[in-house]
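Q: Quick one: this structure, given as structure tokens, is what I'll be asking you about.
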Amino acid sequence: MSRRLEEIPVVQAGAIDEVEQSLYEVRKKIYPRAVHGWFAAWRWTLVWFTQLVFYGLCWLEWNGRQAVLFDLAARKFYIFGYVFWPQDFIYLTALLIICAYSLFLFTAIGGRLWCGYACPQTVYTEIFMWIERKIEGDRQRRMRLDAEPMSPRKFAIKAAKHGAWIAVALWTGFTFVGYFTPIRELGADILNFDIGPWATFWLLFYSFATYGNAGFMREQVCKYMCPYARFQGVMFDRDTMVVTYDAGRGEPRGARGRKVDHKAQGLGDCIDCTMCVQVCPTGIDIRNGLQYECIGCAACIDACNQVMDKMGYPRGLIRYTTENGLANGWSFSQMLKRVFRPRVLAYSVILLGIISVTAYSLYTRVPLKVDVIRDRASLMREVEDGLLENVYRVQIMNTQEMPHTYRITATGLESLHVASDDVIQVPAATTRQVPLRLRIEGGMADRGAHKILIQVQAVDDPSIAAVEDSVFIVQ
Amino acid sequence: MQRAIWVLWPGFIVATGAEAFLFTLIDPMSLHIFGQPHEYSRLAVYTVAFFLLWLFASTSSALTCFFQRTADEINRCPLKPAQRPVGCPKREEDTCC
């Protein structure tokens with residue numbers, strides 16, 4: 001395998017190109033052109049929707065508290081009427097599985113719908129590019145401005161842009177932290193310059209991430225940092241709807257006059273205006289086929305359709321289509337029929353199953369958790385009247401946002417009864433630990449460990465009850 | 001720059017997951033540092049722990065990058081710097097056979 005050193009052809013230094021080349025490709029700044037059309041309108045609808053939810057939800061009140069709050073300091077998650085504790089970890093797992101399967105399902109059907117319309121990276125990039133366009137102008141003006149030497153005018157424009165970006169980024173950081181610590185208190189603390197060091201740190205950290213990712217990194221996040229971009233291909237098949245250039249119709253591409261019969265000249269429908277490349281936020285040429293950089297934003301479809309309209313050609317030279325659809329010349333409804341294929345059905349069944357189980361479990365969830373621990377110090381002691389006593393610690397967790405009074409009962413042995421206070425009051429969304437003394441009459445049980453059941457039931461609502469098992473030891 | 005992303009970014013993703021998992025199971029208030037209960041707030045423990053996890057995970061990424069180098073990248077190159085092919089990072093070096 002290994003060749004001897006003498007055999008390796010040595011290229012003379014003068015013969016090779018002396019152009020310095022860095023190890024990595026230098027990133028060329030992309031100046032996407034603004035685009036209007038059906039898909040752009042959809043993207044802006046989703047930007048509005050997701051951001052109204054994100055910026056607005058944290059201000060909503062519910063039961064006199066923030067409706068959605070992941071209170072890390074108190075280790076409680078509030079989502080409208082529900083309060084989740086660390087013990088409810090299973091619901092977080094279920095949520096992650098549901099998100100993952102939804103992503104698989106949408107990707108199998110329509111490609112990178114998430115990336116093109118709903119991913120925060122896309123959404124914030126869209127907002128930041130809108131600000132950039134309003135302040136610096138469209139593509140040509142931005143390119144000219146960047147090429148200019150620094151001048152007071154250029155400085156003023158750049159300062160205005162970065163000022164606006166930083167304002168949006170700071171508000172985003174504030175909103176983000178507001179989901180983890182009550183946002184109204186946080187707002188008041190900021191106004192009084194009384195914000196804690198950790199909250200300050202995370203606010204600035206998230207603001208900086210927004211500013212950097214949406215202002216500077218942009219498509220690089222999708223190309224180099226996003227794991228989904230790398231594995232999306234495995235969820236694609238020949239019936240997945242993706243943004244596609246119809247090469248059969250477009251090639252051979254070439255410039256021509258509007259009045260010319262291009263078919264007679266042997267030309268396809270592509271006039272090679274490169275509008276699809278100019279509007280692409282990741283700077284690729286969709287005419288080279290499906291590429292992993294394509295985030296499925298369909299900006300090229302909107303741009304190309306406008307060009308087709310101007311030329312008087314039919315729309316859809318670049319369109320959403322499937323590999324099978326393109327090869328067999330299927331209509332849209334024929335491709336839609338292929339949506340119900342085994343892969344999609346399997347994803348749907350699993351997804352629906354997990355959603356149903358989670359919803360049922362949430363619906364039937366009892367807002368009470370009980371934990372019983374035997375006192376390790378003593379196994380058993382004899383008390384007055386020949387009674388035998390075991391001691392436990394009972395942890396009662398009231399996960400509802402109203403106080404409850406509970407009664408503790410024990411069963412499993414003849415004459416078993418609670419000797420300590422058996423009526424316990426627990427405030428709203430609080431945990432209380434109480435000592436529990438259980439007694440039986442002497443001679444009612446043999447020596448050894450006996451299985452018993454300890455039940456905790458709300459006095460005001462008998463449906464709120466929990467049973468834990470433990471042992472009663474007789475020596 | 002790209003190497004920095006390769007090291008820091010996977011570390012960040014892993015640290016985020018590890019942080020969520022770790023502190024769902026463990027209450028920072030129940031932690032002991034050098035056998036003593038600590039007096040820091042939960043937010044402080046979350047923050048410091050996140051950066052420690054990020055550091056550990058990034059160290060792992062950095063070692064992966066380090067061990068990924070091929071023999072040719074480590075060994076001394078038999079060619080004079082100017083004779084090395086265009087694009088070779090060792091073209092700039094002074095070290096020679």
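By convention in this document, the chains of the structure tokens carry letters A, B, ... by their order, each chain's residues are numbered from 1, and ligands are numbered from 1 in the order they are shown.
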Which residues in range 236-308 of chain A does DSSP call alpha helix (DSSP H)? List them as a PyMOL selection string.
A: chain A and resi 247-250+275-279+299-308
Q: Go ahead and dump the residues you just picked, N, CA and C atoms, as a tab-separated table (two decimals), in the first residue's frame.
A:
```
chain	number	residue	atom	x	y	z
A	247	ALA	N	-35.81	20.40	-13.62
A	247	ALA	CA	-34.73	20.52	-14.59
A	247	ALA	C	-35.21	20.16	-16.00
A	248	GLY	N	-36.13	19.19	-16.10
A	248	GLY	CA	-36.62	18.77	-17.40
A	248	GLY	C	-37.29	19.91	-18.15
A	249	ARG	N	-37.94	20.80	-17.36
A	249	ARG	CA	-38.63	21.91	-17.99
A	249	ARG	C	-37.70	23.11	-18.16
A	250	GLY	N	-36.78	23.29	-17.23
A	250	GLY	CA	-35.97	24.50	-17.22
A	250	GLY	C	-34.74	24.46	-18.12
A	275	MET	N	-32.40	34.84	-9.81
A	275	MET	CA	-33.19	35.38	-8.70
A	275	MET	C	-33.31	34.35	-7.58
A	276	CYS	N	-33.43	33.06	-7.94
A	276	CYS	CA	-33.57	32.01	-6.92
A	276	CYS	C	-32.34	31.95	-6.03
A	277	VAL	N	-31.18	32.26	-6.60
A	277	VAL	CA	-29.95	32.24	-5.81
A	277	VAL	C	-29.88	33.50	-4.94
A	278	GLN	N	-30.32	34.64	-5.51
A	278	GLN	CA	-30.22	35.90	-4.76
A	278	GLN	C	-31.13	35.95	-3.54
A	279	VAL	N	-32.28	35.26	-3.60
A	279	VAL	CA	-33.19	35.31	-2.45
A	279	VAL	C	-32.86	34.24	-1.41
A	299	ALA	N	-38.37	30.49	-0.55
A	299	ALA	CA	-38.19	31.85	-1.08
A	299	ALA	C	-37.92	31.80	-2.58
A	300	CYS	N	-37.21	30.75	-3.03
A	300	CYS	CA	-36.89	30.63	-4.45
A	300	CYS	C	-38.15	30.37	-5.28
A	301	ILE	N	-39.14	29.68	-4.66
A	301	ILE	CA	-40.38	29.42	-5.39
A	301	ILE	C	-41.09	30.74	-5.66
A	302	ASP	N	-41.21	31.56	-4.59
A	302	ASP	CA	-41.86	32.87	-4.74
A	302	ASP	C	-41.15	33.71	-5.81
A	303	ALA	N	-39.81	33.74	-5.73
A	303	ALA	CA	-39.04	34.58	-6.65
A	303	ALA	C	-39.21	34.09	-8.09
A	304	CYS	N	-39.11	32.77	-8.26
A	304	CYS	CA	-39.18	32.22	-9.62
A	304	CYS	C	-40.58	32.41	-10.21
A	305	ASN	N	-41.62	32.25	-9.37
A	305	ASN	CA	-42.97	32.43	-9.89
A	305	ASN	C	-43.18	33.84	-10.43
A	306	GLN	N	-42.60	34.83	-9.73
A	306	GLN	CA	-42.72	36.22	-10.21
A	306	GLN	C	-42.07	36.38	-11.58
A	307	VAL	N	-40.91	35.72	-11.73
A	307	VAL	CA	-40.21	35.81	-13.01
A	307	VAL	C	-41.02	35.13	-14.11
A	308	MET	N	-41.57	33.96	-13.78
A	308	MET	CA	-42.37	33.23	-14.76
A	308	MET	C	-43.58	34.06	-15.20
```
Q: Pick out each residue of range 358-438 of chain A that DSSP on the backbone tags as strand (DSSP E or B); I need them as a PyMOL selection string.
A: chain A and resi 368-374+381-382+387-398+404-411+417-418+423-426+430-438
Q: Got a sec to pull out which chain B residues are within 8 Å of chain A, counting only C-alpha atoms, and send them as a list in words?
A: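 Residues satisfying the distance criterion: Gln2, Ile5, Trp9, Thr24, Leu25, Ser41, Arg42, Leu43, Ala44, Thr47, Ala82, Gln83, Pro85, Val86, Gly87, Cys88 and Pro89 of chain B.
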Q: Output C-alpha atoms for every residue in that selection, as a compact mmCIF listing (two decimals), in the first residue's frame.
A:
```txt
# COMPACT_ATOMS: atom_id res chain seq x y z
CA GLN B 2 -14.88 26.20 12.66
CA ILE B 5 -17.59 25.57 16.86
CA TRP B 9 -21.17 23.62 20.20
CA THR B 24 -34.66 17.12 37.48
CA LEU B 25 -33.37 14.24 39.56
CA SER B 41 -29.04 29.85 45.77
CA ARG B 42 -30.50 27.30 43.37
CA LEU B 43 -29.98 29.65 40.42
CA ALA B 44 -26.32 29.98 41.35
CA THR B 47 -25.55 28.36 36.46
CA ALA B 82 7.38 25.47 -0.40
CA GLN B 83 7.03 22.05 -2.05
CA PRO B 85 0.73 21.06 -1.91
CA VAL B 86 -1.52 24.10 -1.93
CA GLY B 87 -3.89 24.05 0.99
CA CYS B 88 -1.56 22.07 3.25
CA PRO B 89 -1.51 23.78 6.66
```
Q: One decimal, Å: what's the distance from CA of Pro427 in chain A over to CA of Leu186 in chain A, could you say?
A: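 The value is 25.6 Å.
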Q: Excluding range 65-77 of chain B and residues on its chain fewer than 2 positions from it, collect all residues at most 9 Å away from it, counting only C-alpha atoms, and give them as an NGL selection string.
A: :B and (3 or 6-7 or 60-63 or 79-81 or 84 or 89-90 or 95-97)
Q: Name the closest residue to Gln455 in chain A among the candidates A:Ala377, A:Arg319, A:Val372, A:Val434; distances are taken between atoms, counting only C-alpha atoms.
A: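 Of A:Ala377, A:Arg319, A:Val372, A:Val434, the one nearest Gln455 in chain A is A:Val372, counting only C-alpha atoms.
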Q: Using Å and a single decimal, report how far CA of Leu368 in chain A sits from CA of Ala429 in chain A.
A: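 We find that CA of Ala429 in chain A and CA of Leu368 in chain A lie 9.6 Å from each other.
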Q: So that I can see what lies close to Tyr46 in chain B, please list as a PyMOL selection string the residues with an atom at most 9 Å from it, counting only C-alpha atoms and leaving out residues fewer than 6 positions away in the same chain.
A: (chain A and resi 72) or (chain B and resi 19+23+28)
